[in-house]
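Text of run-v9.cif, listed as mmCIF, C-alpha atoms:
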```cif
data_final
#
loop_
_atom_site.label_atom_id
_atom_site.label_comp_id
_atom_site.auth_asym_id
_atom_site.auth_seq_id
_atom_site.Cartn_x
_atom_site.Cartn_y
_atom_site.Cartn_z
CA MET A 230 69.35 135.55 132.56
CA CYS A 231 67.84 136.09 129.13
CA ARG A 232 71.08 137.65 127.93
CA LEU A 233 72.99 134.71 129.28
CA ALA A 234 70.76 132.24 127.41
CA ALA A 235 71.15 134.19 124.21
CA PHE A 236 74.89 134.23 124.64
CA ALA A 237 74.92 130.50 125.31
CA LEU A 238 72.89 129.90 122.18
CA PHE A 239 75.28 132.07 120.19
CA VAL A 240 78.23 130.21 121.61
CA PHE A 241 76.63 126.85 120.79
CA ALA A 242 75.93 127.92 117.22
CA SER A 243 79.46 129.20 116.87
CA SER A 244 80.77 125.96 118.20
CA VAL A 245 78.84 123.89 115.67
CA SER A 246 79.95 126.17 112.84
CA ALA A 247 83.51 125.95 113.97
CA LEU A 248 83.26 122.17 114.08
CA GLU A 249 81.88 122.02 110.57
CA ALA A 250 84.40 124.47 109.27
CA THR A 251 87.43 122.87 110.75
CA ALA A 252 86.83 119.16 111.33
CA GLN A 253 87.20 117.95 107.73
CA LEU A 254 89.33 114.87 107.75
CA LEU A 255 90.87 113.20 104.72
CA PHE A 256 92.84 109.99 104.95
CA VAL A 257 94.59 107.82 102.41
CA SER A 258 95.22 104.33 103.71
CA GLY A 259 97.27 101.44 102.47
CA PRO A 260 100.94 100.62 102.04
CA PRO A 261 103.04 102.42 99.43
CA THR A 262 102.17 101.27 95.93
CA GLU A 263 104.73 99.66 93.65
CA LEU A 264 103.86 99.21 90.00
CA THR A 265 106.13 97.01 87.92
CA ILE A 266 105.97 97.01 84.15
CA ALA A 267 106.11 93.56 82.52
CA PRO A 268 107.47 92.37 79.16
CA PRO A 269 104.85 92.07 76.43
CA SER A 270 103.38 88.75 75.40
CA PHE A 271 104.96 89.05 71.97
CA ALA A 272 107.92 90.88 70.49
CA GLY A 273 106.88 93.96 68.61
CA LEU A 274 104.42 95.06 71.28
CA ASP A 275 105.01 97.54 74.07
CA PRO A 276 105.70 96.38 77.62
CA LEU A 277 102.57 95.68 79.64
CA PRO A 278 101.11 98.20 82.09
CA ASP A 279 100.69 97.43 85.78
CA GLU A 280 97.79 98.45 87.99
CA ASP A 281 96.77 98.51 91.62
CA SER A 282 93.67 99.39 93.58
CA ALA A 283 94.64 98.43 97.11
CA THR A 284 94.63 102.01 98.39
CA ARG A 285 91.58 103.63 99.97
CA ILE A 286 90.61 107.22 100.50
CA VAL A 287 88.17 108.26 103.23
CA TRP A 288 86.77 111.68 104.05
CA LEU A 289 84.81 112.73 107.13
CA PHE A 290 82.67 115.73 108.03
CA SER A 291 82.15 117.47 104.73
CA PRO A 292 81.73 121.24 104.87
CA ARG A 293 78.59 123.23 104.35
CA ARG A 294 79.24 123.71 100.67
CA PRO A 295 79.67 121.06 97.97
CA SER A 296 83.27 120.03 97.76
CA LYS A 297 85.66 117.90 95.75
CA ILE A 298 88.99 116.13 96.00
CA VAL A 299 91.77 116.90 93.56
CA VAL A 300 94.90 114.93 92.88
CA ASN A 301 98.38 115.90 91.80
CA THR A 302 101.85 114.45 92.04
CA VAL A 303 105.40 115.40 92.81
CA ALA A 304 107.80 113.08 90.97
CA PRO A 305 111.09 114.77 90.13
CA GLY A 306 112.56 113.41 86.92
CA GLN A 307 109.40 111.55 86.02
CA SER A 308 109.98 109.26 83.02
CA PHE A 309 106.98 106.99 82.86
CA ARG A 310 103.21 107.41 82.80
CA LEU A 311 101.00 107.27 85.86
CA PHE A 312 97.22 107.36 85.79
CA THR A 313 94.72 107.36 88.63
CA GLU A 314 90.99 107.11 89.08
CA ALA A 315 88.55 106.87 91.97
CA ARG A 316 86.52 103.67 91.92
CA ASN A 317 83.71 102.31 94.05
CA VAL A 318 82.96 105.83 95.20
CA PHE A 319 80.63 106.10 98.18
CA ARG A 320 78.64 109.33 98.55
CA ALA A 321 80.27 111.36 95.77
CA THR A 322 81.08 111.12 92.09
CA GLY A 323 84.30 109.65 90.74
CA MET A 324 85.88 111.41 87.80
CA PRO A 325 87.34 109.71 84.71
CA GLU A 326 90.93 108.50 84.85
CA VAL A 327 93.54 111.25 84.83
CA GLN A 328 97.23 111.20 83.95
CA LEU A 329 99.55 112.65 86.56
CA PHE A 330 102.54 114.80 85.67
CA ASP A 331 105.24 115.97 88.02
CA GLY A 332 104.26 119.32 89.48
CA GLY A 333 101.03 119.41 87.54
CA PRO A 334 97.91 121.17 88.80
CA GLY A 335 95.32 119.48 90.97
CA LEU A 336 93.03 117.43 88.76
CA ASP A 337 89.48 116.55 89.69
CA PHE A 338 89.47 113.13 91.29
CA ILE A 339 86.17 113.08 93.17
CA ARG A 340 83.40 115.66 92.84
CA ASP A 341 80.00 116.38 94.27
CA ILE A 342 80.76 115.47 97.85
CA PRO A 343 77.45 116.33 99.51
CA ARG A 344 77.52 119.13 102.03
CA ARG A 345 77.33 118.20 105.68
CA SER A 346 77.74 114.50 105.04
CA PHE A 347 79.46 112.42 107.66
CA ILE A 348 81.55 110.07 105.61
CA GLY A 349 82.57 109.14 102.09
CA ALA A 350 85.09 106.73 100.65
CA ALA A 351 86.55 105.31 97.45
CA SER A 352 89.21 102.98 96.14
CA ILE A 353 92.18 104.59 94.47
CA TYR A 354 93.12 102.90 91.22
CA PHE A 355 96.63 103.45 89.89
CA ARG A 356 97.91 102.39 86.48
CA ALA A 357 101.44 102.75 85.13
CA GLU A 358 102.53 102.60 81.50
CA ALA A 359 106.00 102.54 80.01
CA PRO A 360 106.01 102.05 76.24
CA ALA A 361 109.37 101.01 74.87
CA GLN A 362 110.22 104.52 73.73
CA LEU A 363 110.14 105.73 77.35
CA GLY A 364 113.05 103.51 78.34
CA ASN A 365 113.53 101.63 81.57
CA SER A 366 114.54 102.06 85.19
CA GLN A 367 118.13 101.15 84.46
CA LEU A 368 118.38 104.12 82.10
CA TYR A 369 116.39 106.66 84.06
CA GLY A 370 115.80 105.21 87.52
CA ASP A 371 112.47 104.28 89.04
CA ASP A 372 109.74 106.91 89.11
CA ASN A 373 108.99 107.90 92.69
CA HIS A 374 105.71 109.72 93.07
CA THR A 375 104.26 111.42 96.09
CA VAL A 376 100.63 111.66 95.10
CA TYR A 377 98.63 114.32 96.94
CA PHE A 378 94.89 114.22 97.46
CA THR A 379 93.42 117.54 98.51
CA TRP A 380 89.88 118.23 99.64
CA THR A 381 88.75 121.62 98.41
CA ALA A 382 85.71 123.67 97.57
CA GLN A 383 83.91 122.75 94.37
CA MET B 241 79.01 136.03 134.29
CA LYS B 242 80.98 133.17 135.67
CA LEU B 243 78.93 130.70 133.62
CA THR B 244 79.55 132.77 130.53
CA LYS B 245 83.27 132.54 131.03
CA VAL B 246 83.08 128.80 131.48
CA ILE B 247 81.08 128.38 128.28
CA ALA B 248 83.43 130.65 126.40
CA ALA B 249 86.41 128.68 127.62
CA LEU B 250 84.86 125.38 126.58
CA VAL B 251 84.02 126.72 123.15
CA PHE B 252 87.55 128.08 122.77
CA LEU B 253 88.99 124.72 123.71
CA GLY B 254 86.61 122.92 121.39
CA VAL B 255 87.40 125.11 118.44
CA THR B 256 91.10 124.78 119.09
CA ALA B 257 90.80 121.03 119.30
CA THR B 258 88.82 120.68 116.07
CA ALA B 259 91.05 123.12 114.27
CA SER B 260 94.11 121.11 115.14
CA ASN B 261 92.42 117.93 113.89
CA ALA B 262 91.46 119.30 110.47
CA GLN B 263 93.23 117.53 107.62
CA THR B 264 92.28 118.19 104.04
CA THR B 265 95.36 116.79 102.30
CA ASP B 266 96.97 113.40 102.45
CA ALA B 267 99.70 111.83 100.36
CA HIS B 268 100.52 108.40 99.03
CA ASP B 269 103.78 107.07 97.63
CA VAL B 270 103.78 105.31 94.27
CA THR B 271 106.87 103.78 92.72
CA ILE B 272 107.06 102.68 89.08
CA VAL B 273 109.67 100.08 88.20
CA VAL B 274 110.46 99.34 84.57
CA PRO B 275 112.75 96.37 83.91
CA THR B 276 114.76 96.15 80.72
CA VAL B 277 112.89 94.45 77.88
CA ASN B 278 114.62 93.01 74.81
CA MET B 279 112.61 90.73 72.56
CA ILE B 280 112.83 89.67 68.93
CA ALA B 281 110.77 87.26 66.87
CA VAL B 282 110.63 86.38 63.18
CA SER B 283 107.83 85.07 61.03
CA GLY B 284 107.63 81.42 60.05
CA ASP B 285 109.63 79.13 57.81
CA LEU B 286 109.92 79.77 54.12
CA THR B 287 111.16 78.02 51.02
CA LEU B 288 113.05 79.66 48.19
CA THR B 289 113.03 77.89 44.85
CA LEU B 290 115.56 78.99 42.29
CA GLY B 291 114.44 79.49 38.72
CA GLN B 292 115.66 78.31 35.38
CA PRO B 293 118.80 79.97 34.00
CA ALA B 294 118.17 82.89 31.72
CA ALA B 295 120.37 81.22 29.10
CA PRO B 296 121.61 77.67 28.61
CA GLY B 297 124.64 77.00 30.77
CA GLY B 298 123.98 80.00 32.97
CA ASP B 299 123.36 80.10 36.72
CA PRO B 300 119.87 79.43 38.05
CA ALA B 301 117.78 82.55 38.48
CA PRO B 302 117.96 83.83 42.05
CA ALA B 303 114.89 83.48 44.24
CA THR B 304 113.61 86.22 46.50
CA SER B 305 111.17 86.04 49.35
CA THR B 306 108.33 88.34 50.21
CA GLY B 307 106.27 88.68 53.32
CA ALA B 308 108.83 87.68 55.94
CA GLN B 309 108.92 89.96 58.96
CA TYR B 310 110.74 90.47 62.20
CA LEU B 311 109.25 91.97 65.33
CA VAL B 312 111.30 93.69 67.97
CA THR B 313 110.78 95.35 71.32
CA THR B 314 113.52 97.04 73.27
CA ASN B 315 113.39 99.74 75.91
CA GLU B 316 117.16 100.03 75.88
CA THR B 317 119.45 101.94 73.52
CA GLY B 318 122.43 100.93 71.42
CA LYS B 319 121.14 97.53 70.38
CA LYS B 320 121.70 95.68 67.12
CA ILE B 321 120.46 92.57 65.35
CA THR B 322 122.89 89.94 64.12
CA ALA B 323 122.10 87.02 61.84
CA ALA B 324 123.84 83.69 61.38
CA LEU B 325 123.19 80.39 59.63
CA SER B 326 123.07 77.14 61.57
CA SER B 327 125.82 76.00 59.20
CA ASN B 328 127.17 77.13 55.86
CA TYR B 329 125.46 76.03 52.68
CA SER B 330 127.32 73.87 50.22
CA THR B 331 129.80 75.64 48.02
CA GLY B 332 128.01 77.57 45.31
CA ILE B 333 124.84 78.26 47.28
CA THR B 334 124.36 81.69 48.78
CA LEU B 335 121.67 83.12 51.00
CA ALA B 336 121.58 86.87 51.45
CA VAL B 337 119.27 88.85 53.67
CA GLU B 338 118.20 92.43 54.08
CA LEU B 339 116.35 93.61 57.15
CA ILE B 340 114.49 96.86 56.70
CA ALA B 341 115.29 99.14 59.62
CA VAL B 342 112.73 99.57 62.37
CA GLY B 343 112.30 102.98 63.95
CA SER B 344 115.40 105.13 63.63
CA ALA B 345 117.79 102.18 63.32
CA THR B 346 120.13 101.59 60.39
CA SER B 347 119.95 98.64 58.02
CA ALA B 348 123.18 97.05 56.82
CA GLY B 349 121.50 96.44 53.48
CA GLN B 350 121.79 93.08 51.77
CA VAL B 351 124.22 90.86 53.67
CA THR B 352 125.44 87.39 52.72
CA LEU B 353 124.84 84.94 55.54
CA SER B 354 127.22 82.38 56.93
CA ALA B 355 127.71 80.46 60.14
CA THR B 356 129.42 83.53 61.56
CA ALA B 357 127.05 86.16 62.95
CA VAL B 358 126.94 89.41 61.05
CA ASP B 359 125.25 92.72 61.83
CA VAL B 360 122.08 93.26 59.84
CA VAL B 361 120.54 96.21 61.73
CA THR B 362 122.34 98.59 64.08
CA GLY B 363 121.39 101.55 66.23
CA ILE B 364 118.20 100.05 67.56
CA GLY B 365 116.77 101.64 70.67
CA LEU B 366 113.56 102.48 72.49
CA VAL B 367 111.30 100.92 69.93
CA SER B 368 108.55 98.39 69.46
CA GLY B 369 107.45 97.41 65.99
CA SER B 370 108.02 95.24 62.96
CA ALA B 371 109.67 95.45 59.56
CA ALA B 372 110.30 93.29 56.51
CA ILE B 373 112.98 90.69 55.95
CA ASN B 374 114.00 90.16 52.33
CA TYR B 375 115.88 86.99 51.43
CA THR B 376 117.67 86.26 48.21
CA ALA B 377 118.93 82.77 47.41
CA SER B 378 121.29 82.08 44.57
CA ALA B 379 123.39 79.22 43.30
CA THR B 380 125.91 78.57 40.63
CA SER B 381 125.34 76.16 37.80
CA ALA B 382 127.82 73.80 39.43
CA VAL B 383 125.41 73.02 42.24
CA ALA B 384 123.60 69.72 41.84
CA PRO B 385 119.78 69.84 41.96
CA GLY B 386 118.31 69.27 45.40
CA SER B 387 117.48 71.20 48.52
CA GLU B 388 119.31 72.35 51.61
CA THR B 389 117.68 73.66 54.78
CA ARG B 390 119.33 75.99 57.24
CA THR B 391 118.13 77.89 60.25
CA VAL B 392 118.81 81.61 60.38
CA THR B 393 119.22 82.85 63.93
CA TYR B 394 118.56 86.52 64.63
CA THR B 395 119.88 87.92 67.87
CA LEU B 396 119.07 91.25 69.48
CA THR B 397 122.22 92.21 71.31
CA SER B 398 124.30 95.13 72.52
#
```

Have the structure of the file written as structure tokens, please.
Amino acid sequence: MCRLAAFALFVFASSVSALEATAQLLFVSGPPTELTIAPPSFAGLDPLPDEDSATRIVWLFSPRRPSKIVVNTVAPGQSFRLFTEARNVFRATGMPEVQLFDGGPGLDFIRDIPRRSFIGAASIYFRAEAPAQLGNSQLYGDDNHTVYFTWTAQ
Amino acid sequence: MKLTKVIAALVFLGVTATASNAQTTDAHDVTIVVPTVNMIAVSGDLTLTLGQPAAPGGDPAPATSTGAQYLVTTNETGKKITAALSSNYSTGITLAVELIAVGSATSAGQVTLSATAVDVVTGIGLVSGSAAINYTASATSAVAPGSETRTVTYTLTS
């Protein structure tokens, strides 16, 4: 009976560990983002950037070690500039704005996600720039990014 | 032993279930659209006053302007700037203009203006900036004293 109880306790502990180790959930919500560059207010200036912060990121069940979320993009034939930043970060630390390049490495987006926390969230801010020297969509086509957010160990 | 098996089965199922729910990456689509932009502007009005002839009976001394500028933005290639007068000046009066090239464009140098558009800068592309406009007005001695005003229209075109 004692052996059975010990085994049950072991199984319970294993179950909790397994839950913590495997239940991490990361979601990005919101419709696809479209950023449209606008003409400048005056000739001689570069076209105006566009920005958007309608997208949210939520993470659940953080692991037993401090963790972070990195961001990178896949955008074949990228012509224009895309920046992103986490804002209104809940239960973690948002990193300064980063510029995304096609196929670039994961860049720190959110850090210091506390271990064993239940939930965290942030707004995702996107900003696009296209100075005149970078051309336009008629010349090069629109930039289509698939932006990846990955939760990883810190 | 039977209880042990039950517990083990439940744990196995639980672990399998949580493992299949784990998601540590998500993606979001972002599209950047850049419309064509072609803009040109020039600095304000100016007056050119011809000087006294260098010698009696000679033509008035030409007048040149300083400080005029044009500003241009284009995110296209193969553009040019043309210039035209609203109407020709009276016979004997000439207005010439030189636009300094912006970016890697090419200036046509000093060009005499008329009511027919003429290229003043070519090869403009993918640029935003400003450069100087230099005007030179001249007249022959046959022109009666007075003033004439014309509008110079600059067009950024293909």

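The shell of residues at most 6 Å from Leu255 in chain A, with all atoms listed in the file counted and near chain neighbours (fewer than 2 positions) removed, consists of Val287 and Trp288 of chain A; Gln263 and Thr264 of chain B.
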
Exactly which residues make up the result of the PyMOL selection byres ((chain B) within 7 of (chain A)) on this file, given as a ChimeraX atom specification?
-> /B:244,251,255,258-259,261-277,279-281,311-316,366-370

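Every polymer residue reaching to within 8 Å of (87.6, 106.8, 98.3), counting all atoms listed in the file, appears in this list: Arg285, Ile286, Val287, Trp288, Ala315, Arg316, Asn317, Val318, Phe319, Gly349, Ala350, Ala351, Ser352 and Ile353 of chain A.
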
Any chance you could work out the residue set of the PyMOL selection byres ((chain B and resi 305-310) around 12) here, as a PDB file with C-alpha atoms, in the coordinates of the input?
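This went into part.pdb:
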```pdb
ATOM      1  CA  PHE A 271     104.960  89.050  71.970  1.00  0.00           C
ATOM      2  CA  ALA A 272     107.920  90.880  70.490  1.00  0.00           C
ATOM      3  CA  GLY A 273     106.880  93.960  68.610  1.00  0.00           C
ATOM      4  CA  LEU A 274     104.420  95.060  71.280  1.00  0.00           C
TER       5      LEU A 274
ATOM      6  CA  MET B 279     112.610  90.730  72.560  1.00  0.00           C
ATOM      7  CA  ILE B 280     112.830  89.670  68.930  1.00  0.00           C
ATOM      8  CA  ALA B 281     110.770  87.260  66.870  1.00  0.00           C
ATOM      9  CA  VAL B 282     110.630  86.380  63.180  1.00  0.00           C
ATOM     10  CA  SER B 283     107.830  85.070  61.030  1.00  0.00           C
ATOM     11  CA  GLY B 284     107.630  81.420  60.050  1.00  0.00           C
ATOM     12  CA  ASP B 285     109.630  79.130  57.810  1.00  0.00           C
ATOM     13  CA  LEU B 286     109.920  79.770  54.120  1.00  0.00           C
ATOM     14  CA  THR B 287     111.160  78.020  51.020  1.00  0.00           C
ATOM     15  CA  LEU B 288     113.050  79.660  48.190  1.00  0.00           C
ATOM     16  CA  THR B 289     113.030  77.890  44.850  1.00  0.00           C
ATOM     17  CA  LEU B 290     115.560  78.990  42.290  1.00  0.00           C
ATOM     18  CA  PRO B 302     117.960  83.830  42.050  1.00  0.00           C
ATOM     19  CA  ALA B 303     114.890  83.480  44.240  1.00  0.00           C
ATOM     20  CA  THR B 304     113.610  86.220  46.500  1.00  0.00           C
ATOM     21  CA  LEU B 311     109.250  91.970  65.330  1.00  0.00           C
ATOM     22  CA  VAL B 312     111.300  93.690  67.970  1.00  0.00           C
ATOM     23  CA  THR B 313     110.780  95.350  71.320  1.00  0.00           C
ATOM     24  CA  ILE B 321     120.460  92.570  65.350  1.00  0.00           C
ATOM     25  CA  ALA B 323     122.100  87.020  61.840  1.00  0.00           C
ATOM     26  CA  LEU B 335     121.670  83.120  51.000  1.00  0.00           C
ATOM     27  CA  ALA B 336     121.580  86.870  51.450  1.00  0.00           C
ATOM     28  CA  VAL B 337     119.270  88.850  53.670  1.00  0.00           C
ATOM     29  CA  GLU B 338     118.200  92.430  54.080  1.00  0.00           C
ATOM     30  CA  LEU B 339     116.350  93.610  57.150  1.00  0.00           C
ATOM     31  CA  ILE B 340     114.490  96.860  56.700  1.00  0.00           C
ATOM     32  CA  ALA B 341     115.290  99.140  59.620  1.00  0.00           C
ATOM     33  CA  VAL B 342     112.730  99.570  62.370  1.00  0.00           C
ATOM     34  CA  VAL B 360     122.080  93.260  59.840  1.00  0.00           C
ATOM     35  CA  VAL B 361     120.540  96.210  61.730  1.00  0.00           C
ATOM     36  CA  SER B 368     108.550  98.390  69.460  1.00  0.00           C
ATOM     37  CA  GLY B 369     107.450  97.410  65.990  1.00  0.00           C
ATOM     38  CA  SER B 370     108.020  95.240  62.960  1.00  0.00           C
ATOM     39  CA  ALA B 371     109.670  95.450  59.560  1.00  0.00           C
ATOM     40  CA  ALA B 372     110.300  93.290  56.510  1.00  0.00           C
ATOM     41  CA  ILE B 373     112.980  90.690  55.950  1.00  0.00           C
ATOM     42  CA  ASN B 374     114.000  90.160  52.330  1.00  0.00           C
ATOM     43  CA  TYR B 375     115.880  86.990  51.430  1.00  0.00           C
ATOM     44  CA  THR B 376     117.670  86.260  48.210  1.00  0.00           C
ATOM     45  CA  ALA B 377     118.930  82.770  47.410  1.00  0.00           C
ATOM     46  CA  SER B 378     121.290  82.080  44.570  1.00  0.00           C
ATOM     47  CA  THR B 393     119.220  82.850  63.930  1.00  0.00           C
ATOM     48  CA  TYR B 394     118.560  86.520  64.630  1.00  0.00           C
ATOM     49  CA  THR B 395     119.880  87.920  67.870  1.00  0.00           C
ATOM     50  CA  LEU B 396     119.070  91.250  69.480  1.00  0.00           C
TER      51      LEU B 396
END
```

Counting all atoms listed in the file, what is within 8 Å of Glu326 in chain A, bar same-chain residues fewer than 4 positions away, as a PyMOL selection string?
-> chain A and resi 312-315

Output C-alpha atoms for every residue in the selection just made, as a PDB file, in the frame of the given file.
```pdb
ATOM      1  CA  PHE A 312      97.220 107.360  85.790  1.00  0.00           C
ATOM      2  CA  THR A 313      94.720 107.360  88.630  1.00  0.00           C
ATOM      3  CA  GLU A 314      90.990 107.110  89.080  1.00  0.00           C
ATOM      4  CA  ALA A 315      88.550 106.870  91.970  1.00  0.00           C
TER       5      ALA A 315
END
```

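Taking CA of Ser330 in chain B as the reference point, CA of Ser381 in chain B is found at 12.8 Å.
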
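For the atom pair formed by CA of Thr356 in chain B and CA of Lys319 in chain B, the distance is 18.5 Å, given to one decimal.
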
Using all atoms of range 353-366 of chain A listed in the file and a margin of 6 Å per side, can you give the axis-aligned box centre and edge lengths in Å to one decimal, as JSON?
```
{"center_x": 103.4, "center_y": 103.4, "center_z": 84.1, "size_x": 34.4, "size_y": 16.7, "size_z": 32.7}
```

When you draw a straight line from CA of Ala301 in chain B to CA of Thr322 in chain B, how long is it in Å?
-> 27.2 Å
